[in-house]
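Coordinates from entry20.cif are shown below (mmCIF, C-alpha atoms).
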data_query
#
loop_
_atom_site.label_atom_id
_atom_site.label_comp_id
_atom_site.auth_asym_id
_atom_site.auth_seq_id
_atom_site.Cartn_x
_atom_site.Cartn_y
_atom_site.Cartn_z
CA MET A 1 -29.86 -12.82 -8.98
CA THR A 2 -27.97 -14.49 -11.84
CA GLU A 3 -28.12 -18.29 -11.96
CA TYR A 4 -25.96 -20.87 -13.75
CA LYS A 5 -26.26 -24.65 -13.98
CA PHE A 6 -23.47 -27.13 -14.76
CA THR A 7 -23.00 -30.88 -14.87
CA CYS A 8 -19.80 -32.39 -13.46
CA GLU A 9 -18.10 -34.84 -15.81
CA THR A 10 -15.28 -36.10 -13.56
CA ASP A 11 -14.86 -37.45 -10.03
CA GLY A 12 -12.89 -35.90 -7.18
CA VAL A 13 -12.85 -32.16 -8.02
CA ARG A 14 -13.52 -29.86 -5.05
CA ILE A 15 -16.67 -27.80 -5.45
CA ASP A 16 -14.87 -24.47 -4.84
CA LYS A 17 -12.27 -25.27 -7.50
CA PHE A 18 -14.93 -26.42 -9.96
CA THR A 19 -17.02 -23.27 -9.41
CA SER A 20 -14.05 -20.94 -9.90
CA GLU A 21 -13.13 -22.65 -13.19
CA CYS A 22 -16.59 -22.42 -14.81
CA ASN A 23 -15.69 -19.25 -16.75
CA ILE A 24 -18.28 -17.07 -14.99
CA GLY A 25 -15.71 -14.63 -13.58
CA LEU A 26 -15.25 -16.02 -10.08
CA SER A 27 -11.97 -16.33 -8.20
CA ARG A 28 -11.59 -19.31 -5.89
CA SER A 29 -12.12 -17.12 -2.82
CA ALA A 30 -15.27 -15.62 -4.38
CA ALA A 31 -16.52 -19.12 -5.15
CA ALA A 32 -15.82 -20.18 -1.56
CA ASN A 33 -17.77 -17.15 -0.31
CA LEU A 34 -20.78 -18.09 -2.44
CA ILE A 35 -20.61 -21.68 -1.16
CA GLU A 36 -20.41 -20.47 2.44
CA LYS A 37 -23.58 -18.41 1.90
CA GLU A 38 -25.32 -21.48 0.37
CA ASN A 39 -25.50 -19.92 -3.10
CA VAL A 40 -23.92 -23.01 -4.66
CA LEU A 41 -26.03 -26.16 -4.66
CA VAL A 42 -25.08 -29.71 -5.59
CA ASN A 43 -28.05 -31.82 -6.64
CA GLY A 44 -30.30 -29.25 -4.98
CA ASN A 45 -28.48 -29.20 -1.64
CA ALA A 46 -25.97 -26.83 -0.07
CA ALA A 47 -22.44 -28.27 0.05
CA ALA A 48 -19.27 -27.58 1.99
CA LYS A 49 -16.47 -25.87 0.03
CA ASN A 50 -14.28 -28.97 0.33
CA TYR A 51 -16.98 -31.28 -1.05
CA LYS A 52 -15.58 -33.47 -3.82
CA LEU A 53 -17.85 -33.76 -6.81
CA LYS A 54 -18.90 -36.97 -8.53
CA SER A 55 -19.49 -37.45 -12.23
CA GLY A 56 -23.10 -36.53 -13.02
CA ASP A 57 -23.54 -34.10 -10.12
CA ILE A 58 -25.67 -31.07 -11.00
CA ILE A 59 -24.20 -27.79 -9.76
CA GLU A 60 -26.30 -24.63 -9.47
CA VAL A 61 -24.49 -21.33 -8.91
CA LYS A 62 -26.49 -18.30 -7.77
CA ILE A 63 -24.77 -14.90 -7.92
CA PRO A 64 -26.63 -12.13 -6.03
CA ASP A 65 -27.09 -8.78 -7.76
CA PRO A 66 -24.43 -6.22 -6.76
CA ILE A 67 -25.35 -3.76 -4.03
CA ALA A 68 -25.48 -0.16 -5.20
CA TYR A 69 -22.71 1.82 -3.55
CA GLU A 70 -21.39 5.36 -3.71
CA ALA A 71 -18.00 6.30 -2.33
CA LYS A 72 -18.15 8.46 0.80
CA ALA A 73 -15.95 11.39 1.77
CA GLU A 74 -13.41 10.75 4.54
CA ASN A 75 -11.08 13.20 6.23
CA ILE A 76 -7.80 11.50 5.31
CA PRO A 77 -4.60 13.61 4.91
CA LEU A 78 -3.31 13.96 1.35
CA ASP A 79 0.19 14.79 0.11
CA ILE A 80 -0.79 17.22 -2.65
CA VAL A 81 2.11 18.21 -4.90
CA TYR A 82 0.14 20.57 -7.17
CA GLU A 83 -3.45 21.77 -7.46
CA ASP A 84 -5.55 24.15 -9.54
CA LYS A 85 -9.20 24.25 -10.59
CA TYR A 86 -8.62 21.68 -13.36
CA LEU A 87 -6.51 18.99 -11.71
CA LEU A 88 -4.32 17.99 -8.83
CA VAL A 89 -1.22 15.85 -8.49
CA VAL A 90 -1.08 13.71 -5.37
CA ASN A 91 1.71 11.61 -3.89
CA LYS A 92 0.01 8.36 -2.84
CA PRO A 93 1.53 6.47 0.08
CA LYS A 94 2.35 2.79 -0.06
CA GLY A 95 -0.53 0.69 1.27
CA MET A 96 -3.37 2.98 0.15
CA VAL A 97 -5.88 1.64 -2.40
CA VAL A 98 -6.74 4.15 -5.14
CA HIS A 99 -10.52 3.63 -5.35
CA PRO A 100 -13.23 1.64 -3.54
CA ALA A 101 -14.05 -1.87 -4.74
CA VAL A 102 -15.81 -4.93 -3.41
CA GLY A 103 -14.62 -5.62 0.12
CA ASN A 104 -12.68 -2.36 0.38
CA TYR A 105 -14.97 0.67 0.48
CA GLU A 106 -13.15 2.89 2.97
CA LYS A 107 -9.84 4.70 3.50
CA THR A 108 -9.02 4.81 -0.20
CA LEU A 109 -7.55 7.72 -2.14
CA VAL A 110 -10.98 8.44 -3.62
CA ASN A 111 -12.54 8.72 -0.15
CA ALA A 112 -9.85 11.27 0.73
CA LEU A 113 -10.32 13.17 -2.55
CA LEU A 114 -14.07 13.43 -2.04
CA TYR A 115 -13.48 15.14 1.30
CA HIS A 116 -10.80 17.47 -0.08
CA CYS A 117 -12.41 18.35 -3.43
CA LYS A 118 -16.08 17.88 -2.50
CA ASP A 119 -18.07 18.06 -5.80
CA SER A 120 -15.08 19.17 -7.89
CA LEU A 121 -14.11 15.82 -9.41
CA SER A 122 -14.73 14.46 -12.90
CA GLY A 123 -17.55 11.94 -13.24
CA ILE A 124 -16.37 10.06 -16.33
CA ASN A 125 -15.40 6.95 -14.35
CA GLY A 126 -18.58 6.91 -12.23
CA VAL A 127 -19.31 7.25 -8.52
CA MET A 128 -16.67 4.71 -7.46
CA ARG A 129 -13.74 6.34 -9.30
CA PRO A 130 -14.43 10.09 -9.51
CA GLY A 131 -11.46 12.04 -10.82
CA ILE A 132 -9.28 8.98 -11.36
CA VAL A 133 -7.51 9.23 -14.73
CA HIS A 134 -4.96 6.45 -14.10
CA ARG A 135 -4.12 4.14 -11.19
CA ILE A 136 -1.21 2.63 -9.35
CA ASP A 137 -1.28 -0.49 -7.17
CA LYS A 138 -2.01 -0.47 -3.45
CA ASP A 139 1.61 -1.34 -2.59
CA THR A 140 3.08 1.09 -5.12
CA SER A 141 3.77 4.59 -3.86
CA GLY A 142 4.03 7.75 -5.89
CA LEU A 143 2.46 10.36 -8.13
CA LEU A 144 -1.04 10.27 -9.57
CA ILE A 145 -2.96 12.92 -11.50
CA VAL A 146 -6.60 13.59 -10.61
CA ALA A 147 -9.06 15.43 -12.86
CA LYS A 148 -11.48 17.94 -11.35
CA ASN A 149 -13.86 18.08 -14.30
CA ASP A 150 -14.79 15.98 -17.31
CA TYR A 151 -13.01 18.25 -19.79
CA ALA A 152 -9.69 17.90 -17.95
CA HIS A 153 -10.24 14.17 -17.57
CA ALA A 154 -10.83 13.62 -21.28
CA PHE A 155 -7.88 15.88 -22.19
CA LEU A 156 -5.48 13.99 -19.92
CA ALA A 157 -6.82 10.55 -20.84
CA GLU A 158 -6.16 11.30 -24.51
CA GLN A 159 -2.49 11.97 -23.73
CA ILE A 160 -2.24 8.60 -21.98
CA LYS A 161 -3.88 6.95 -24.99
CA GLU A 162 -1.46 8.66 -27.39
CA HIS A 163 1.59 7.80 -25.19
CA THR A 164 2.49 11.48 -24.67
CA PHE A 165 1.92 11.35 -20.90
CA THR A 166 5.22 10.91 -19.02
CA ARG A 167 5.28 8.21 -16.34
CA GLU A 168 8.58 7.23 -14.77
CA TYR A 169 9.04 4.77 -11.92
CA GLU A 170 11.93 3.56 -9.83
CA ALA A 171 12.13 -0.03 -8.64
CA VAL A 172 14.46 -2.56 -7.11
CA VAL A 173 14.44 -5.83 -9.03
CA PHE A 174 15.89 -9.21 -8.22
CA GLY A 175 19.14 -10.19 -9.94
CA ASN A 176 21.62 -8.26 -12.05
CA LEU A 177 20.34 -7.06 -15.40
CA LYS A 178 22.63 -7.96 -18.25
CA ASP A 179 22.41 -4.59 -20.01
CA ASP A 180 22.41 -1.06 -18.61
CA CYS A 181 19.22 -0.26 -20.51
CA GLY A 182 16.61 -2.05 -22.54
CA THR A 183 12.98 -2.33 -23.62
CA VAL A 184 10.38 -4.97 -22.87
CA ASP A 185 7.84 -5.07 -25.69
CA ALA A 186 5.43 -7.86 -24.81
CA PRO A 187 1.58 -7.90 -24.80
CA ILE A 188 -0.20 -8.19 -21.46
CA GLY A 189 -3.56 -9.80 -20.76
CA ARG A 190 -5.50 -11.54 -18.02
CA ASN A 191 -3.90 -14.77 -16.80
CA PRO A 192 -6.22 -17.56 -18.05
CA ASN A 193 -5.41 -19.64 -14.97
CA ASP A 194 -5.86 -16.89 -12.38
CA ARG A 195 -8.14 -13.94 -13.10
CA LYS A 196 -6.52 -11.82 -10.39
CA LYS A 197 -3.19 -11.89 -12.18
CA MET A 198 -1.91 -10.50 -15.47
CA CYS A 199 0.66 -12.13 -17.73
CA VAL A 200 2.50 -11.82 -21.02
CA ILE A 201 0.18 -13.55 -23.47
CA SER A 202 -0.65 -13.17 -27.16
CA LYS A 203 -4.38 -13.98 -26.98
CA ASN A 204 -6.89 -11.44 -25.62
CA SER A 205 -4.12 -9.02 -24.72
CA LYS A 206 -2.99 -5.44 -25.37
CA ASN A 207 0.41 -4.23 -26.50
CA ALA A 208 2.64 -3.16 -23.62
CA VAL A 209 6.03 -1.43 -23.74
CA THR A 210 8.35 -0.69 -20.81
CA HIS A 211 11.74 1.02 -21.15
CA TYR A 212 14.22 0.51 -18.31
CA SER A 213 17.70 1.70 -17.34
CA VAL A 214 20.02 0.77 -14.50
CA ILE A 215 20.60 3.31 -11.72
CA LYS A 216 22.82 1.16 -9.49
CA ARG A 217 23.76 -2.48 -9.10
CA TYR A 218 23.90 -4.30 -5.77
CA ASN A 219 24.76 -7.84 -4.74
CA GLY A 220 21.91 -9.81 -6.32
CA TYR A 221 19.67 -6.79 -6.93
CA THR A 222 19.43 -3.83 -9.30
CA HIS A 223 17.97 -0.36 -8.74
CA ILE A 224 16.32 0.69 -12.00
CA LYS A 225 14.27 3.43 -13.63
CA CYS A 226 11.29 2.44 -15.80
CA ARG A 227 9.45 4.61 -18.31
CA LEU A 228 6.03 3.46 -19.40
CA GLU A 229 5.11 3.81 -23.06
CA THR A 230 1.78 2.10 -22.34
CA GLY A 231 -0.10 1.72 -19.08
CA ARG A 232 -1.40 -1.80 -18.61
CA THR A 233 -2.44 -3.27 -15.27
CA HIS A 234 0.65 -4.36 -13.26
CA GLN A 235 2.77 -3.58 -16.35
CA ILE A 236 6.19 -3.07 -14.73
CA ARG A 237 5.69 -5.97 -12.32
CA VAL A 238 4.63 -8.34 -15.12
CA HIS A 239 7.31 -7.23 -17.58
CA MET A 240 10.19 -7.44 -15.11
CA ALA A 241 9.06 -10.88 -13.95
CA TYR A 242 8.78 -11.91 -17.60
CA ILE A 243 12.47 -11.15 -18.26
CA GLY A 244 13.51 -12.94 -15.08
CA HIS A 245 13.98 -9.90 -12.82
CA PRO A 246 10.82 -9.54 -10.71
CA VAL A 247 10.30 -6.47 -8.53
CA SER A 248 11.69 -7.10 -5.07
CA GLY A 249 8.99 -7.86 -2.52
CA ASP A 250 6.30 -8.55 -5.15
CA LYS A 251 4.20 -11.31 -3.61
CA VAL A 252 2.17 -11.90 -6.77
CA TYR A 253 4.78 -12.00 -9.54
CA GLY A 254 7.99 -12.22 -7.54
CA LEU A 255 9.97 -14.87 -5.78
CA LYS A 256 8.12 -16.98 -3.23
CA LYS A 257 10.92 -16.59 -0.70
CA GLU A 258 13.13 -13.53 -0.72
CA LYS A 259 15.49 -12.96 2.21
CA THR A 260 16.00 -9.23 1.85
CA ALA A 261 12.48 -8.20 0.82
CA PHE A 262 10.08 -6.19 2.95
CA GLU A 263 6.28 -6.02 2.99
CA GLY A 264 5.07 -5.31 -0.54
CA GLN A 265 6.93 -4.46 -3.71
CA CYS A 266 9.70 -1.87 -3.99
CA LEU A 267 8.12 0.26 -6.70
CA HIS A 268 7.59 4.03 -6.73
CA ALA A 269 5.88 6.24 -9.34
CA LYS A 270 8.50 8.99 -9.23
CA LYS A 271 7.71 11.34 -12.12
CA ILE A 272 4.72 12.38 -14.23
CA GLY A 273 4.51 14.93 -17.03
CA PHE A 274 1.62 16.17 -19.16
CA ILE A 275 0.17 19.02 -21.20
CA HIS A 276 -2.12 21.11 -18.99
CA PRO A 277 -5.74 21.12 -20.27
CA LYS A 278 -6.09 24.91 -19.88
CA SER A 279 -2.65 26.44 -20.54
CA ASN A 280 -1.53 23.80 -23.09
CA LYS A 281 1.91 23.99 -21.46
CA TYR A 282 3.92 20.94 -20.48
CA MET A 283 4.15 20.37 -16.72
CA GLU A 284 6.35 17.83 -14.97
CA PHE A 285 6.51 16.74 -11.34
CA ASP A 286 9.11 14.67 -9.55
CA SER A 287 8.82 13.11 -6.09
CA ASP A 288 11.44 12.07 -3.59
CA LEU A 289 11.90 8.39 -2.93
CA PRO A 290 9.84 7.49 0.15
CA ASP A 291 11.50 6.37 3.38
CA TYR A 292 10.72 2.67 2.87
CA PHE A 293 12.53 2.77 -0.48
CA LYS A 294 15.55 4.64 0.88
CA LYS A 295 15.87 2.26 3.83
CA TYR A 296 15.77 -0.73 1.48
CA LEU A 297 18.55 0.77 -0.66
CA GLN A 298 20.59 1.33 2.49
CA LYS A 299 20.07 -2.31 3.44
CA LEU A 300 21.22 -3.48 0.00
CA GLU A 301 24.22 -1.17 0.20
CA TYR A 302 25.21 -2.71 3.53
CA LEU A 303 24.71 -6.29 2.28
CA SER A 304 26.77 -5.55 -0.84
CA LYS A 305 29.91 -4.54 1.07
#

Please lay out the structure from this file as structure tokens.
Amino acid sequence: MTEYKFTCETDGVRIDKFTSECNIGLSRSAAANLIEKENVLVNGNAAAKNYKLKSGDIIEVKIPDPIAYEAKAENIPLDIVYEDKYLLVVNKPKGMVVHPAVGNYEKTLVNALLYHCKDSLSGINGVMRPGIVHRIDKDTSGLLIVAKNDYAHAFLAEQIKEHTFTREYEAVVFGNLKDDCGTVDAPIGRNPNDRKKMCVISKNSKNAVTHYSVIKRYNGYTHIKCRLETGRTHQIRVHMAYIGHPVSGDKVYGLKKEKTAFEGQCLHAKKIGFIHPKSNKYMEFDSDLPDYFKKYLQKLEYLSK
């Protein structure tokens, strides 16, 4: 159990908001959960999450120690594009989380991989992310590479670090891009006002570079290809929103109300390429656009007539 103590200096701030803004790594929902379980005390007493603090109130926050967890194997079908004893390339469906995390321990890609590969997965990223060299978002579909041993993992991770690992995506973005191609070179870091989100920011950030080109223009939307030079969290989604063309359907970085959007963002990891850790030969894999993406393009085509 980790404990913190704070003194409120203003009147009228809700306890859940105050707790989430104390720089101890809590989102507002996580703070509300702690309050509900009576792990946040005000002047020694449990308080409701909508309690409004008064100047001078003493707030105690108690964070329970994390529960040890190891991902379990689950018999979930996988769309495997390529496999050998060193690695496999899998086509992840939209809606599947890559690895287990708090509140989501089942039906992830890792659970499926543990069933398929059994003990043949790299352990560099620990028991919660075995074999995972890089990730894509839950609502992003497409190709991922998985390492079956630590040597392959380190070999592939070095290519990502050195920007020699090919990653190409296709997306539909809101609005019409001015140029047929371009580059967004803007550092990405954690949003200081919302820890669940990333943003373009100069402080506490990492360089991020996305190259894009137009595939086809529609009425109010553009179908584009993006090539990642770096691989930051939510990079394409953050960069396209930054230049005023958020990914269609993106509920985090996109438009609040979008008439033509569907559930989740229209973003697909279409191509990956890398040097194989054993043969030292370049390999490249391309995937078809999934049905949800094709249907959305058909809808835009119809609306553009």

Quiz item: So which residues get picked by the PyMOL selection byres ((chain A and resi 73-86) around 9) here, written as a ChimeraX atom specification?
Solution: /A:71-72,87-93,106-116,118,120-121,143,146-149,151-153,276-278,285,287

Quiz prompt | Residues within 12 Å of Lys197 of chain A, all atoms listed in the file, excluding chain neighbours under 2 positions, as a PyMOL selection string | solution = chain A and resi 27+188-195+199-201+233-235+237-238+251-253

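Here atom CA of Thr2 of chain A is placed at a distance of 10.5 Å from atom CA of Glu60 of chain A.
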
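Closest approach to Ala186 of chain A among A:Val40, A:Ile236, A:Cys266, A:Ile215 is made by A:Ile236 (distances from only C-alpha atoms).
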
Quiz item: Pick from A:Val13, A:Ile272, A:Ile35, A:Val127: nearest to Ile160 of chain A, with all atoms listed in the file counted?
Solution: A:Ile272

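Closest approach to Gly56 of chain A among A:Asn23, A:Asn219, A:Thr10, A:Ser29: A:Thr10, based on only C-alpha atoms.
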
Quiz prompt | Resolved residues for the PyMOL selection byres ((chain A and resi 136) around 12) as a PyMOL selection string | solution = chain A and resi 90-99+109+132-135+137-145+167+169+231-237+267-270

To test the calculation: enclose all listed atoms of segment 263-278 of chain A in a box whose edges run along x, y and z, add 3 Å on each side, then state centre and edge lengths in Å to one decimal, as lines of an AutoDock Vina configuration file.
center_x = 1.8
center_y = 9.4
center_z = -9.1
size_x = 21.8
size_y = 36.9
size_z = 30.2

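Computed from the coordinates, the atom CA of Lys294 of chain A to atom CA of Ala241 of chain A distance equals 22.4 Å.
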